[in-house]
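Structure file protein32.pdb; described as PDB, C-alpha atoms.
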ATOM      1  CA  MET A 557     -18.930  53.650 -33.917
ATOM      2  CA  SER A 558     -16.344  54.976 -36.330
ATOM      3  CA  VAL A 559     -16.071  53.076 -39.589
ATOM      4  CA  THR A 560     -12.353  53.733 -39.522
ATOM      5  CA  GLU A 561     -11.704  51.966 -36.235
ATOM      6  CA  SER A 562     -13.882  49.032 -37.235
ATOM      7  CA  THR A 563     -12.101  48.666 -40.583
ATOM      8  CA  LEU A 564      -8.714  49.011 -38.923
ATOM      9  CA  ALA A 565      -9.618  46.401 -36.337
ATOM     10  CA  ILE A 566     -10.728  43.930 -39.027
ATOM     11  CA  ARG A 567      -7.502  44.491 -40.948
ATOM     12  CA  ALA A 568      -5.478  44.103 -37.760
ATOM     13  CA  GLN A 569      -7.305  40.868 -36.944
ATOM     14  CA  ALA A 570      -6.177  39.587 -40.327
ATOM     15  CA  GLY A 571      -2.577  40.291 -39.306
ATOM     16  CA  ASP A 572      -2.077  43.803 -40.700
ATOM     17  CA  LEU A 573       0.342  45.371 -38.217
ATOM     18  CA  GLU A 574       0.127  48.802 -39.836
ATOM     19  CA  ALA A 575      -3.601  48.857 -39.217
ATOM     20  CA  PHE A 576      -2.986  48.051 -35.579
ATOM     21  CA  GLY A 577      -0.428  50.850 -35.496
ATOM     22  CA  GLU A 578      -3.128  53.256 -36.646
ATOM     23  CA  LEU A 579      -5.395  52.025 -33.874
ATOM     24  CA  VAL A 580      -2.600  52.631 -31.366
ATOM     25  CA  GLU A 581      -2.269  56.136 -32.753
ATOM     26  CA  LEU A 582      -6.018  56.760 -32.516
ATOM     27  CA  PHE A 583      -6.362  55.532 -28.956
ATOM     28  CA  SER A 584      -2.956  56.189 -27.403
ATOM     29  CA  GLY A 585      -3.967  59.515 -25.822
ATOM     30  CA  GLN A 586      -7.076  58.011 -24.295
ATOM     31  CA  ALA A 587      -5.316  54.872 -23.082
ATOM     32  CA  ARG A 588      -2.494  56.850 -21.484
ATOM     33  CA  ARG A 589      -4.884  59.215 -19.696
ATOM     34  CA  VAL A 590      -7.020  56.396 -18.316
ATOM     35  CA  ALA A 591      -3.945  54.441 -17.194
ATOM     36  CA  ARG A 592      -2.511  57.542 -15.569
ATOM     37  CA  ALA A 593      -5.815  58.223 -13.819
ATOM     38  CA  VAL A 594      -5.436  54.814 -12.183
ATOM     39  CA  LEU A 595      -1.715  54.901 -11.442
ATOM     40  CA  GLY A 596      -1.034  58.585 -10.874
ATOM     41  CA  ASP A 597       2.468  58.428 -12.256
ATOM     42  CA  PRO A 598       2.900  59.209 -15.998
ATOM     43  CA  ASP A 599       5.671  56.640 -16.531
ATOM     44  CA  ASP A 600       3.706  53.906 -14.825
ATOM     45  CA  GLY A 601       0.678  54.968 -16.826
ATOM     46  CA  ASP A 602       2.606  54.649 -20.095
ATOM     47  CA  ASP A 603       3.914  51.216 -19.102
ATOM     48  CA  ALA A 604       0.384  50.072 -18.317
ATOM     49  CA  ALA A 605      -0.980  51.537 -21.556
ATOM     50  CA  GLN A 606       1.756  49.718 -23.490
ATOM     51  CA  ASP A 607       0.945  46.450 -21.700
ATOM     52  CA  ALA A 608      -2.678  47.019 -22.656
ATOM     53  CA  PHE A 609      -1.923  47.537 -26.360
ATOM     54  CA  LEU A 610       0.225  44.391 -26.469
ATOM     55  CA  SER A 611      -2.499  42.421 -24.721
ATOM     56  CA  ALA A 612      -5.123  43.869 -27.069
ATOM     57  CA  LEU A 613      -3.112  42.730 -30.089
ATOM     58  CA  ARG A 614      -2.682  39.215 -28.666
ATOM     59  CA  HIS A 615      -6.413  38.887 -27.990
ATOM     60  CA  LEU A 616      -7.646  40.812 -31.013
ATOM     61  CA  LYS A 617      -9.536  37.769 -32.352
ATOM     62  CA  ARG A 618     -11.880  38.103 -29.390
ATOM     63  CA  TYR A 619     -12.922  41.591 -30.436
ATOM     64  CA  ASP A 620     -16.288  41.800 -32.192
ATOM     65  CA  PRO A 621     -15.912  44.358 -35.040
ATOM     66  CA  SER A 622     -19.638  45.104 -34.984
ATOM     67  CA  ARG A 623     -19.129  46.822 -31.613
ATOM     68  CA  PRO A 624     -17.109  49.982 -30.801
ATOM     69  CA  PHE A 625     -13.388  49.369 -30.350
ATOM     70  CA  GLY A 626     -12.891  52.029 -27.656
ATOM     71  CA  PRO A 627     -14.789  50.405 -24.767
ATOM     72  CA  TRP A 628     -13.228  47.003 -25.555
ATOM     73  CA  LEU A 629      -9.737  48.534 -25.458
ATOM     74  CA  MET A 630     -10.464  50.659 -22.380
ATOM     75  CA  ARG A 631     -11.473  47.561 -20.438
ATOM     76  CA  ILE A 632      -8.054  46.078 -21.203
ATOM     77  CA  VAL A 633      -6.359  49.357 -20.258
ATOM     78  CA  ALA A 634      -8.263  49.564 -16.956
ATOM     79  CA  ASN A 635      -7.327  45.961 -16.118
ATOM     80  CA  ALA A 636      -3.680  46.454 -17.084
ATOM     81  CA  ALA A 637      -3.436  49.601 -14.956
ATOM     82  CA  ALA A 638      -5.188  47.989 -11.990
ATOM     83  CA  ASP A 639      -2.871  44.943 -12.250
ATOM     84  CA  ARG A 640       0.190  47.147 -12.294
ATOM     85  CA  ARG A 641      -1.116  49.121  -9.359
ATOM     86  CA  ARG A 642      -1.672  45.957  -7.351
ATOM     87  CA  ARG A 643       1.831  44.741  -8.144
ATOM     88  CA  ARG A 644       3.563  47.922  -7.141
ATOM     89  CA  LYS A 645       3.691  49.897  -3.977
ATOM     90  CA  VAL A 646       1.789  53.098  -3.492
ATOM     91  CA  ARG A 647       3.081  55.616  -5.958
ATOM     92  CA  ALA A 648       4.447  59.096  -5.582
ATOM     93  CA  ALA A 649       1.188  60.783  -6.518
ATOM     94  CA  GLU A 650      -0.405  59.371  -3.398
ATOM     95  CA  GLU A 651       2.520  60.317  -1.221
ATOM     96  CA  LEU A 652       1.966  64.033  -1.624
ATOM     97  CA  SER A 653       1.555  65.569   1.762
ATOM     98  CA  GLU A 654      -1.758  66.922   2.902
ATOM     99  CA  SER A 655      -0.268  70.420   2.906
ATOM    100  CA  THR A 656      -0.217  70.509  -0.871
ATOM    101  CA  ALA A 657      -3.713  69.051  -1.213
ATOM    102  CA  GLY A 658      -6.450  71.168  -2.802
ATOM    103  CA  GLY A 659      -8.495  71.443   0.367
ATOM    104  CA  GLY A 660      -5.564  72.735   2.411
ATOM    105  CA  VAL A 661      -4.462  75.497   0.099
ATOM    106  CA  GLY A 662      -6.368  78.721   0.010
ATOM    107  CA  PRO A 663      -6.750  81.200  -2.832
ATOM    108  CA  ASP A 664      -4.691  83.724  -0.872
ATOM    109  CA  VAL A 665      -1.578  81.606  -1.286
ATOM    110  CA  GLU A 666       0.702  82.780  -4.032
ATOM    111  CA  THR A 667       0.448  80.372  -6.818
ATOM    112  CA  ASP A 668       0.034  79.967 -10.522
ATOM    113  CA  ARG A 669      -1.668  77.704 -12.946
ATOM    114  CA  ARG A 670       0.952  75.007 -12.411
ATOM    115  CA  ALA A 671       0.274  74.981  -8.708
ATOM    116  CA  PHE A 672      -3.412  74.732  -9.344
ATOM    117  CA  LEU A 673      -2.931  71.735 -11.614
ATOM    118  CA  GLU A 674      -0.699  70.052  -9.043
ATOM    119  CA  ALA A 675      -3.257  70.616  -6.341
ATOM    120  CA  PHE A 676      -5.987  69.306  -8.584
ATOM    121  CA  GLN A 677      -3.890  66.253  -9.427
ATOM    122  CA  SER A 678      -3.409  65.647  -5.741
ATOM    123  CA  ALA A 679      -7.158  65.843  -5.168
ATOM    124  CA  LEU A 680      -7.640  63.389  -8.017
ATOM    125  CA  ALA A 681      -5.060  61.015  -6.546
ATOM    126  CA  ARG A 682      -6.959  60.880  -3.268
ATOM    127  CA  LEU A 683     -10.108  59.614  -4.928
ATOM    128  CA  PRO A 684     -10.748  55.871  -4.850
ATOM    129  CA  GLU A 685      -9.394  54.145  -7.965
ATOM    130  CA  ARG A 686     -12.800  53.300  -9.423
ATOM    131  CA  GLN A 687     -14.064  56.864  -9.003
ATOM    132  CA  ARG A 688     -10.985  58.171 -10.803
ATOM    133  CA  MET A 689     -11.590  55.845 -13.706
ATOM    134  CA  ALA A 690     -15.320  56.593 -13.835
ATOM    135  CA  VAL A 691     -14.944  60.373 -13.838
ATOM    136  CA  THR A 692     -12.098  60.237 -16.387
ATOM    137  CA  LEU A 693     -13.999  57.961 -18.748
ATOM    138  CA  PHE A 694     -17.151  60.082 -18.405
ATOM    139  CA  ASP A 695     -15.962  63.695 -18.272
ATOM    140  CA  VAL A 696     -12.706  63.419 -20.238
ATOM    141  CA  GLU A 697     -13.234  60.594 -22.729
ATOM    142  CA  GLY A 698     -16.978  61.042 -23.205
ATOM    143  CA  TYR A 699     -18.107  57.457 -22.654
ATOM    144  CA  SER A 700     -21.692  56.853 -21.600
ATOM    145  CA  HIS A 701     -22.658  55.404 -18.220
ATOM    146  CA  ALA A 702     -23.589  52.143 -19.941
ATOM    147  CA  GLU A 703     -20.226  51.899 -21.695
ATOM    148  CA  ILE A 704     -18.341  52.653 -18.481
ATOM    149  CA  ALA A 705     -20.375  50.020 -16.666
ATOM    150  CA  ASP A 706     -19.278  47.557 -19.349
ATOM    151  CA  ILE A 707     -15.636  48.675 -19.169
ATOM    152  CA  LEU A 708     -15.400  48.479 -15.370
ATOM    153  CA  GLY A 709     -17.718  45.497 -14.959
ATOM    154  CA  ILE A 710     -20.032  47.260 -12.510
ATOM    155  CA  PRO A 711     -23.739  48.269 -12.599
ATOM    156  CA  GLN A 712     -24.717  51.554 -14.256
ATOM    157  CA  GLY A 713     -26.061  52.868 -10.953
ATOM    158  CA  THR A 714     -22.647  52.399  -9.377
ATOM    159  CA  VAL A 715     -21.040  54.309 -12.261
ATOM    160  CA  ARG A 716     -23.455  57.229 -11.728
ATOM    161  CA  SER A 717     -22.695  57.191  -8.016
ATOM    162  CA  ASP A 718     -18.916  57.063  -8.611
ATOM    163  CA  VAL A 719     -19.049  59.960 -11.079
ATOM    164  CA  PHE A 720     -21.161  61.972  -8.641
ATOM    165  CA  HIS A 721     -18.832  61.444  -5.671
ATOM    166  CA  ALA A 722     -15.702  62.091  -7.737
ATOM    167  CA  ARG A 723     -17.145  65.304  -9.105
ATOM    168  CA  ARG A 724     -18.217  66.503  -5.688
ATOM    169  CA  ARG A 725     -14.715  66.071  -4.304
ATOM    170  CA  LEU A 726     -12.978  67.538  -7.343
ATOM    171  CA  ARG A 727     -15.376  70.439  -7.264
ATOM    172  CA  LEU A 728     -13.926  71.412  -3.890
ATOM    173  CA  ALA A 729     -10.465  71.646  -5.425
ATOM    174  CA  LEU A 730     -11.848  73.664  -8.328
ATOM    175  CA  THR A 731     -13.760  76.026  -6.060
ATOM    176  CA  CYS A 732     -10.711  76.536  -3.894
ATOM    177  CA  TRP A 733      -8.734  77.775  -6.859
ATOM    178  CA  GLN A 734     -11.388  79.473  -8.914
ATOM    179  CA  HIS A 735     -10.026  82.975  -8.375
ATOM    180  CA  HIS A 736      -6.765  81.947  -9.963
ATOM    181  CA  TRP A 737      -8.390  80.330 -12.920
ATOM    182  CA  LYS A 738      -8.730  82.572 -15.877
ATOM    183  CA  GLU A 739     -11.825  80.902 -17.228
ATOM    184  CA  GLU A 740     -14.969  80.276 -15.299
ATOM    185  CA  VAL A 741     -14.865  76.668 -14.175
ATOM    186  CA  VAL A 742     -17.603  76.486 -11.558
TER     187      VAL A 742
ATOM    188  CA  MET B1003     -21.378  77.895 -16.279
ATOM    189  CA  ARG B1004     -22.505  76.346 -13.012
ATOM    190  CA  HIS B1005     -22.518  72.623 -12.949
ATOM    191  CA  SER B1006     -23.967  70.203 -10.455
ATOM    192  CA  PRO B1007     -22.316  66.888  -9.600
ATOM    193  CA  PHE B1008     -25.793  65.399 -10.135
ATOM    194  CA  ASP B1009     -25.756  66.384 -13.797
ATOM    195  CA  HIS B1010     -25.678  63.324 -15.995
ATOM    196  CA  ARG B1011     -24.056  65.121 -18.902
ATOM    197  CA  PRO B1012     -20.281  65.405 -19.240
ATOM    198  CA  TRP B1013     -18.925  68.343 -17.273
ATOM    199  CA  ARG B1014     -16.914  70.083 -19.961
ATOM    200  CA  ASP B1015     -14.830  72.347 -17.746
ATOM    201  CA  LEU B1016     -13.936  69.622 -15.306
ATOM    202  CA  GLY B1017     -13.099  67.383 -18.252
ATOM    203  CA  ARG B1018     -10.745  70.009 -19.642
ATOM    204  CA  VAL B1019      -8.855  70.363 -16.369
ATOM    205  CA  LEU B1020      -8.698  66.612 -15.882
ATOM    206  CA  ARG B1021      -7.412  66.138 -19.405
ATOM    207  CA  GLU B1022      -4.678  68.666 -18.795
ATOM    208  CA  VAL B1023      -3.687  66.968 -15.549
ATOM    209  CA  LEU B1024      -3.652  63.506 -17.119
ATOM    210  CA  GLU B1025      -1.996  64.409 -20.414
ATOM    211  CA  ALA B1026       1.275  62.511 -20.619
ATOM    212  CA  GLY B1027       3.259  64.152 -23.393
ATOM    213  CA  ASP B1028       3.967  63.388 -27.016
ATOM    214  CA  ASN B1029       1.801  60.580 -28.336
ATOM    215  CA  ARG B1030       4.018  59.952 -31.371
ATOM    216  CA  VAL B1031       6.897  58.909 -29.154
ATOM    217  CA  PHE B1032       4.609  56.568 -27.269
ATOM    218  CA  VAL B1033       3.192  55.038 -30.471
ATOM    219  CA  THR B1034       6.721  54.461 -31.807
ATOM    220  CA  ARG B1035       7.701  52.812 -28.520
ATOM    221  CA  VAL B1036       4.661  50.499 -28.528
ATOM    222  CA  MET B1037       5.137  49.442 -32.145
ATOM    223  CA  ALA B1038       8.853  48.833 -31.566
ATOM    224  CA  GLU B1039       7.988  46.600 -28.605
ATOM    225  CA  ILE B1040       5.443  44.707 -30.687
ATOM    226  CA  ARG B1041       8.032  44.070 -33.401
ATOM    227  CA  ALA B1042      10.764  43.171 -30.910
ATOM    228  CA  LEU B1043       8.567  40.643 -29.102
ATOM    229  CA  ASP B1044       6.928  39.509 -32.364
ATOM    230  CA  VAL B1045       3.476  39.947 -30.831
ATOM    231  CA  ARG B1046       0.645  38.681 -33.031
ATOM    232  CA  PRO B1047      -3.023  37.946 -32.557
ATOM    233  CA  PHE B1048      -3.422  34.522 -30.980
ATOM    234  CA  ARG B1049      -5.112  31.891 -33.067
ATOM    235  CA  SER B1050      -8.375  30.730 -31.616
ATOM    236  CA  ASP B1051      -7.747  28.287 -28.788
ATOM    237  CA  TRP B1052      -9.220  24.800 -29.049
ATOM    238  CA  TRP B1053     -11.684  25.452 -26.231
ATOM    239  CA  GLU B1054     -12.874  28.572 -27.999
ATOM    240  CA  VAL B1055     -13.444  26.534 -31.168
ATOM    241  CA  LEU B1056     -15.338  23.937 -29.145
ATOM    242  CA  GLY B1057     -17.209  26.703 -27.368
ATOM    243  CA  GLY B1058     -18.256  28.086 -30.727
ATOM    244  CA  TRP B1059     -19.618  24.694 -31.719
ATOM    245  CA  ALA B1060     -21.258  23.978 -28.361
ATOM    246  CA  ARG B1061     -24.513  25.790 -28.976
ATOM    247  CA  PRO B1062     -25.306  24.440 -32.473
ATOM    248  CA  GLY B1063     -24.038  21.019 -31.334
ATOM    249  CA  LEU B1064     -26.406  20.956 -28.364
ATOM    250  CA  ALA B1065     -29.295  22.107 -30.551
ATOM    251  CA  ALA B1066     -28.568  19.361 -33.107
ATOM    252  CA  ALA B1067     -28.314  16.708 -30.369
ATOM    253  CA  ALA B1068     -31.602  17.849 -28.827
ATOM    254  CA  ALA B1069     -33.308  17.727 -32.240
ATOM    255  CA  LEU B1070     -31.929  14.206 -32.860
ATOM    256  CA  VAL B1071     -33.132  12.930 -29.478
ATOM    257  CA  ALA B1072     -36.576  14.456 -30.044
ATOM    258  CA  LEU B1073     -36.770  12.857 -33.498
ATOM    259  CA  THR B1074     -35.740   9.437 -32.144
ATOM    260  CA  ILE B1075     -38.296   9.600 -29.330
ATOM    261  CA  GLY B1076     -40.996  10.672 -31.773
ATOM    262  CA  LEU B1077     -40.236   7.825 -34.183
ATOM    263  CA  THR B1078     -40.152   5.260 -31.369
ATOM    264  CA  ILE B1079     -43.511   6.365 -29.993
ATOM    265  CA  SER B1080     -45.160   6.407 -33.399
ATOM    266  CA  SER B1081     -43.801   2.980 -34.382
ATOM    267  CA  ARG B1082     -45.007   1.460 -31.092
ATOM    268  CA  ALA B1083     -48.450   2.936 -31.512
ATOM    269  CA  SER B1084     -48.851   1.518 -35.042
ATOM    270  CA  GLY B1085     -47.275  -1.861 -34.122
ATOM    271  CA  ALA B1086     -49.884  -2.524 -31.366
ATOM    272  CA  VAL B1087     -52.731  -2.466 -33.864
ATOM    273  CA  GLU B1088     -51.132  -4.372 -36.711
ATOM    274  CA  GLU B1089     -49.471  -7.185 -34.738
ATOM    275  CA  THR B1090     -51.269 -10.563 -35.407
ATOM    276  CA  THR B1091     -50.309 -14.241 -34.999
ATOM    277  CA  THR B1092     -51.213 -16.850 -37.619
ATOM    278  CA  ALA B1093     -52.173 -20.485 -36.801
ATOM    279  CA  ASP B1094     -49.047 -21.735 -38.543
ATOM    280  CA  ASP B1095     -46.885 -19.578 -36.304
ATOM    281  CA  ALA B1096     -48.548 -21.050 -33.218
ATOM    282  CA  LEU B1097     -48.187 -24.612 -34.427
ATOM    283  CA  GLN B1098     -44.591 -24.212 -35.485
ATOM    284  CA  ALA B1099     -43.764 -22.998 -32.018
ATOM    285  CA  SER B1100     -44.306 -26.564 -30.686
ATOM    286  CA  THR B1101     -42.331 -29.306 -32.461
ATOM    287  CA  GLU B1102     -44.332 -32.239 -31.011
ATOM    288  CA  ALA B1103     -47.612 -30.827 -32.139
ATOM    289  CA  SER B1104     -46.243 -30.088 -35.568
ATOM    290  CA  VAL B1105     -45.167 -33.730 -35.952
ATOM    291  CA  LEU B1106     -48.800 -34.734 -35.588
ATOM    292  CA  THR B1107     -50.520 -32.035 -37.494
ATOM    293  CA  LEU B1108     -48.161 -31.321 -40.317
ATOM    294  CA  ALA B1109     -47.238 -34.928 -41.278
ATOM    295  CA  THR B1110     -48.252 -35.868 -44.814
ATOM    296  CA  ASN B1111     -48.591 -39.669 -44.118
ATOM    297  CA  PRO B1112     -50.975 -41.222 -41.587
ATOM    298  CA  PRO B1113     -49.325 -41.860 -38.252
ATOM    299  CA  ASP B1114     -48.041 -45.346 -37.383
ATOM    300  CA  VAL B1115     -50.379 -47.099 -34.964
ATOM    301  CA  GLY B1116     -47.447 -48.643 -33.106
ATOM    302  CA  PHE B1117     -46.019 -45.155 -32.584
ATOM    303  CA  ILE B1118     -49.295 -43.910 -31.160
ATOM    304  CA  LEU B1119     -49.807 -46.976 -28.925
ATOM    305  CA  GLY B1120     -46.218 -46.954 -27.937
ATOM    306  CA  THR B1121     -46.718 -43.592 -26.325
ATOM    307  CA  PHE B1122     -49.101 -45.147 -23.745
ATOM    308  CA  PRO B1123     -47.624 -47.010 -20.782
ATOM    309  CA  GLU B1124     -48.061 -50.809 -20.761
ATOM    310  CA  ARG B1125     -50.431 -52.277 -18.215
TER     311      ARG B1125
END

Could you spell out this file's structure in structure tokens?
Amino acid sequence: MSVTESTLAIRAQAGDLEAFGELVELFSGQARRVARAVLGDPDDGDDAAQDAFLSALRHLKRYDPSRPFGPWLMRIVANAAADRRRRRKVRAAEELSESTAGGGVGPDVETDRRAFLEAFQSALARLPERQRMAVTLFDVEGYSHAEIADILGIPQGTVRSDVFHARRRLRLALTCWQHHWKEEVV
Amino acid sequence: MRHSPFDHRPWRDLGRVLREVLEAGDNRVFVTRVMAEIRALDVRPFRSDWWEVLGGWARPGLAAAAALVALTIGLTISSRASGAVEETTTADDALQASTEASVLTLATNPPDVGFILGTFPER
């Protein structure tokens, strides 16, 4: 655990708003990505991430500074995003037609990097919510299986299974577009 | 680099693509927005709720109560065990328990004959 985040959290618990601001700065990228992985839409993701930071500040006394701040915050982010998702109707990211999905587009179609990313995003959106969170927390944010299990409130074995299934399906999208990808991704 | 979905290490290339897909723009703008909302709503850390305070005391409280009960039971058992051996009754205690007998045995003057005879029924 970073000494910085622990120190900042202790100062924030004592009412130092600037310290909390630094924590927001440290974790905003991560929180926004995880929220967006759940919700699909960037604006919804930002709203959920903001809700999560406000909730984290309100309940900061419950945070144990001897433990890493990231997993504690990510649990709040995951809950905030899932709540928002339940409250709202299915978002635009899920309404993309099958024709633009990764599996339906071949490498012979004229496209560019942007198209690849859109197709990949579509493939991501079709994953079950928990798989999206698991693969994002593991492969993007670098959390361990144990930490993700704690964040999502599920057994470690389920996390491993979710990461495996998410990767397998995303791999299809990657493979489909590999000839258009400048770097070797598979 | 080939990577298997079974691999239990982070898949760096997949992570990079995912990060790019999920990146949501300038973080500074977002941080400013969050902090402005916090100030506008005057959000602060909640003080500990009363049930959390009680919850914090529950464990040591239960331990103290258990220790007190154990101590009381121990003292009661030990005092009963010692009391059974030491408990004796003197002759004076037995005599004082009956007032009629004490009149006869503890009187300093000889008893009146009339009193003694008067206790028998006349024939």

For chain B, report every residue with an atom at most 9 Å from chain A (counting all atoms listed in the file), formatted as a PDB file with C-alpha atoms, in the coordinates of the input.
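Final file, selection_15.pdb:
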ATOM      1  CA  MET B1003     -21.378  77.895 -16.279  1.00  0.00           C
ATOM      2  CA  ARG B1004     -22.505  76.346 -13.012  1.00  0.00           C
ATOM      3  CA  HIS B1005     -22.518  72.623 -12.949  1.00  0.00           C
ATOM      4  CA  SER B1006     -23.967  70.203 -10.455  1.00  0.00           C
ATOM      5  CA  PRO B1007     -22.316  66.888  -9.600  1.00  0.00           C
ATOM      6  CA  PHE B1008     -25.793  65.399 -10.135  1.00  0.00           C
ATOM      7  CA  ASP B1009     -25.756  66.384 -13.797  1.00  0.00           C
ATOM      8  CA  HIS B1010     -25.678  63.324 -15.995  1.00  0.00           C
ATOM      9  CA  ARG B1011     -24.056  65.121 -18.902  1.00  0.00           C
ATOM     10  CA  PRO B1012     -20.281  65.405 -19.240  1.00  0.00           C
ATOM     11  CA  TRP B1013     -18.925  68.343 -17.273  1.00  0.00           C
ATOM     12  CA  ARG B1014     -16.914  70.083 -19.961  1.00  0.00           C
ATOM     13  CA  ASP B1015     -14.830  72.347 -17.746  1.00  0.00           C
ATOM     14  CA  LEU B1016     -13.936  69.622 -15.306  1.00  0.00           C
ATOM     15  CA  GLY B1017     -13.099  67.383 -18.252  1.00  0.00           C
ATOM     16  CA  ARG B1018     -10.745  70.009 -19.642  1.00  0.00           C
ATOM     17  CA  VAL B1019      -8.855  70.363 -16.369  1.00  0.00           C
ATOM     18  CA  LEU B1020      -8.698  66.612 -15.882  1.00  0.00           C
ATOM     19  CA  ARG B1021      -7.412  66.138 -19.405  1.00  0.00           C
ATOM     20  CA  GLU B1022      -4.678  68.666 -18.795  1.00  0.00           C
ATOM     21  CA  VAL B1023      -3.687  66.968 -15.549  1.00  0.00           C
ATOM     22  CA  LEU B1024      -3.652  63.506 -17.119  1.00  0.00           C
ATOM     23  CA  GLU B1025      -1.996  64.409 -20.414  1.00  0.00           C
ATOM     24  CA  ALA B1026       1.275  62.511 -20.619  1.00  0.00           C
ATOM     25  CA  GLY B1027       3.259  64.152 -23.393  1.00  0.00           C
ATOM     26  CA  ASP B1028       3.967  63.388 -27.016  1.00  0.00           C
ATOM     27  CA  ASN B1029       1.801  60.580 -28.336  1.00  0.00           C
ATOM     28  CA  ARG B1030       4.018  59.952 -31.371  1.00  0.00           C
ATOM     29  CA  PHE B1032       4.609  56.568 -27.269  1.00  0.00           C
ATOM     30  CA  VAL B1033       3.192  55.038 -30.471  1.00  0.00           C
ATOM     31  CA  THR B1034       6.721  54.461 -31.807  1.00  0.00           C
ATOM     32  CA  ARG B1035       7.701  52.812 -28.520  1.00  0.00           C
ATOM     33  CA  VAL B1036       4.661  50.499 -28.528  1.00  0.00           C
ATOM     34  CA  MET B1037       5.137  49.442 -32.145  1.00  0.00           C
ATOM     35  CA  GLU B1039       7.988  46.600 -28.605  1.00  0.00           C
ATOM     36  CA  ILE B1040       5.443  44.707 -30.687  1.00  0.00           C
ATOM     37  CA  VAL B1045       3.476  39.947 -30.831  1.00  0.00           C
ATOM     38  CA  ARG B1046       0.645  38.681 -33.031  1.00  0.00           C
ATOM     39  CA  PRO B1047      -3.023  37.946 -32.557  1.00  0.00           C
ATOM     40  CA  PHE B1048      -3.422  34.522 -30.980  1.00  0.00           C
ATOM     41  CA  ARG B1049      -5.112  31.891 -33.067  1.00  0.00           C
ATOM     42  CA  SER B1050      -8.375  30.730 -31.616  1.00  0.00           C
TER      43      SER B1050
END

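The list of residues with at least one atom within 7 Å of Ala604 of chain A, based on all atoms listed in the file and without residues fewer than 5 positions apart in the same chain, reads Ala591, Ala636, Ala637 and Arg640 of chain A.
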
To one decimal in Å, tell me the separation between atom CA of Pro621 of chain A and atom CA of Arg688 of chain A.
-> 28.3 Å

Picked residues, the PyMOL selection byres ((chain A and resi 629) around 9), expected as a PyMOL selection string = chain A and resi 583+587+608-609+612+625-628+630-634+707

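The spacing separating atom CA of Ala690 of chain A from atom CA of Asp600 of chain A amounts to 19.2 Å.
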
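With atom CA of Ala729 of chain A on one side and atom CA of Gln712 of chain A on the other, the separation reads 26.2 Å.
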
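When only C-alpha atoms are used to measure the gap to Arg623 of chain A, the shortest distance among A:Ile566, A:Asp718, A:Pro684, A:Met689 belongs to A:Ile566.
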